[in-house]
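First up is the structure itself, then whatever we jot down about it.
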Amino acid sequence: KPFKRILLTGAAGGLGKVLRERIKPWADIVRLSDLADMGPAGEGEEVVQCDLADKAAVLAMMEGVDAVLHFGGISVEAPFDAILQANILGTANLYEAVHKMGVRRVVFASSNHAIGFYKTTDMIDADDPTRPDTMYGVSKCFGESLSRYYYDRFGVETVCLRIGSSFPEPLSARMLVTYFSYDDLVEALRCSLMAARVGHTIMFGMSDNPGKWWDNRKAAHLGFVAKDSSTKFNGKFPPDGNYPAADDIGSMYQGGPFLLNGPQYN
Ligand code: NAI
Ligand code: 15L
């Protein structure tokens with residue numbers, strides 16, 4: 001197998017549960033971690049339940065790891081204090097441990113909410129400035145910046161995967177654009193881990209959907225080609241002639257419903 005031990009954070013979450021089953025062929029051992037209960041370790045698994053905000057625990061968890069899939073943290077908008085602990089301190093602890101333990105490569109589950117304040121009429125790529133739409137989005141920008149720093153300073157390689165909407169199927173008209181099938185997610189992770197060199201790469205995590213807002217040419221060296229598309233779900237969300245509507249904040253911006261959240265500095 002290509003890796004001795006891959007660490008998956010966020011293993012009890014929606015994507016973590018999917019990945020737990022799918023990444024086994026890549027490593028002798030998959031180390032699973034989360035704040036929440038993950039059940040017992042299966043064959044070829046190790047389970048480490050800990051809080052990413054606990055620096056000593058994160059350092060201990062990194063022992064013997066050769067690659068990290070960092071999916072743990074708060075995955076929606078929340079009060080800043082909670083985001084600060086899980087996403088900002090948690091990701092800082094993770095990178096410090098990665099550096100200290102000599103881990104070569106990380107895939108960071110970033111989010112489209114790092115760029116959610118672009119309009120749905122804009123087309124952007126990895127070099128456009130971030131425009132977070134929430135404190136959650138700000139925390140993903142922090143992870144992207146932090147990983148850039150650890151690459152420039154220490155040579156730790158990271159792929160920041162700005163995931164669109166990765167669910168069994170799209171849940172809204174917006175998600176026909178942002179949909180990222182589980183199969184495409186797994187393939188994007190495989191490419192991110194197996195590519196000879198990734199340096200610091202930002203890739204948009206989306207299937208081959210019509211009407212895309214994101215241009216992935218700057219991540220072409222990873223060799224990822226999406227195989228799925230949201231077109232098969234078209235009938236579920238009949239066009240209402242209103243999307244994107246200039247007076248509807250939820251469809252005017254790429255971050256969609258996250259723009260409807262109130263400010264979360266509390
Ligand atoms: P989720 O909320 O289902 O899973 C996140 C997991 O992280 C949970 O099991 C939670 O217990 C764990 N966690 C939270 N705080 C923690 C802490 N302080 N220490 C340790 N573990 C902690 O989210 P989901 O959908 O599985 O997403 C996984 C990752 O991918 C997240 O980082 C999310 O921001 C990112 N993402 C997901 C998208 C999607 O469409 N599912 C879209 C964009 C980004
Ligand atoms: C995210 O970042 C969230 O983690 C996920 O729950 C979805 O809301 C997704 O973005 C989205 O924009 O659809």
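How things are named: the first chain in the structure tokens is A, the next is B, and so on; residues count from 1 in each chain; ligands count from 1 in the order shown.
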Find the nearest atom pair between each residue of chain A and ligand 2 for residues within 6 Å, count only C-alpha atoms and all ligand atoms, give distances in Å to one decimal, sort rows by chain and ascending number, and present the table as a Markdown table.
```
| residue | atom | partner | partner_atom_place_in_ligand_line | distance |
| --- | --- | --- | --- | --- |
| A:Ser75 | CA | ligand 2 | 4 (O) | 4.0 |
| A:Val76 | CA | ligand 2 | 4 (O) | 5.2 |
| A:Ser111 | CA | ligand 2 | 2 (O) | 4.7 |
| A:His113 | CA | ligand 2 | 2 (O) | 5.8 |
| A:Gly164 | CA | ligand 2 | 12 (O) | 5.5 |
| A:Ser165 | CA | ligand 2 | 13 (O) | 4.0 |
| A:Gly255 | CA | ligand 2 | 12 (O) | 6.0 |
```
Can I get the selection written as a PDB file, in the first residue's frame, with C-alpha atoms?
```pdb
ATOM      1  CA  SER A  75     -18.668  22.430   9.396  1.00  0.00           C
ATOM      2  CA  VAL A  76     -21.232  25.265   9.424  1.00  0.00           C
ATOM      3  CA  SER A 111     -14.887  25.047   1.839  1.00  0.00           C
ATOM      4  CA  HIS A 113     -17.522  29.409   2.066  1.00  0.00           C
ATOM      5  CA  GLY A 164     -18.708  22.550  -2.707  1.00  0.00           C
ATOM      6  CA  SER A 165     -21.605  20.396  -1.458  1.00  0.00           C
ATOM      7  CA  GLY A 255     -22.214  30.874  -0.505  1.00  0.00           C
TER       8      GLY A 255
END
```
Dump the neighbourhood of ligand 1 as number ranges by chain: all residues within 6 Å, distances computed on only C-alpha atoms and all ligand atoms.
A: 10-16, 34-36, 50-53, 71-75, 86, 109-111, 163-167
One decimal place gives the atom CA of A:Lys119-atom CA of A:Tyr182 separation as 26.0 Å
So the first atom is atom CA of A:Met123 and the second is atom CA of A:Trp214; what is the distance between them in Å, to one decimal place?
5.7 Å
Among listed residues A:Asp54, A:Glu144, A:Asp37, A:Glu96, nearest A:Thr201 (using only C-alpha atoms)
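Using only C-alpha atoms, A:Thr201 sits closest to A:Glu144.
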Can you pull out every residue within 9 Å of A:Ala97, counting only C-alpha atoms, but drop anything in the same chain fewer than 3 positions away, and send it as an NGL selection string?
:A and (55-56 or 58-63 or 92-94 or 100-103)
Interatomic distance (Å, one decimal) between atom CA of A:Val68 and atom CA of A:Asp215:
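Answer for the atom CA of A:Val68 to atom CA of A:Asp215 separation: 25.6 Å.
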Those of stretch 178-234 of chain A in DSSP alpha helix (DSSP H), formatted as a VMD selection string
chain A and resid 178 182 to 194
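Nearest to A:Ile88 of all the residues A:Pro257, A:Gly137, A:Pro210, A:Pro2 is A:Gly137, based on only C-alpha atoms.
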Rank nothing, just name the residue among A:Thr121, A:Ala126, A:Ser139, A:Ala78 nearest to A:Asn216, using only C-alpha atoms.
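Ranking A:Thr121, A:Ala126, A:Ser139, A:Ala78 by distance to A:Asn216, first place goes to A:Ala126.
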Pick from A:Glu43, A:Asp152, A:Asp122, A:Asp208 nearest to A:Lys232, counting only C-alpha atoms
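Closest to A:Lys232, using only C-alpha atoms: A:Asp208.
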Enumerate, as an NGL selection string, the complete set of residues in stretch 20-223 of chain A that a backbone-based DSSP assignment places in strand (DSSP E or B).
:A and (27-34 or 45-49 or 67-70 or 105-111 or 119 or 124-125 or 157-163 or 165 or 179 or 200-205 or 214-215)
May I have a table of the residues of stretch 118-199 of chain A lying at most 9 Å from stretch 22-26 of chain A, giving each one's closest pair of atoms and their distance in Å to one decimal, counting only C-alpha atoms, ordered by chain and ascending residue number, as JSON lines?
```
{"residue": "A:Val186", "atom": "CA", "partner": "A:Arg22", "partner_atom": "CA", "distance": 7.2}
{"residue": "A:Leu189", "atom": "CA", "partner": "A:Ile23", "partner_atom": "CA", "distance": 9.0}
{"residue": "A:Arg190", "atom": "CA", "partner": "A:Trp26", "partner_atom": "CA", "distance": 8.2}
```
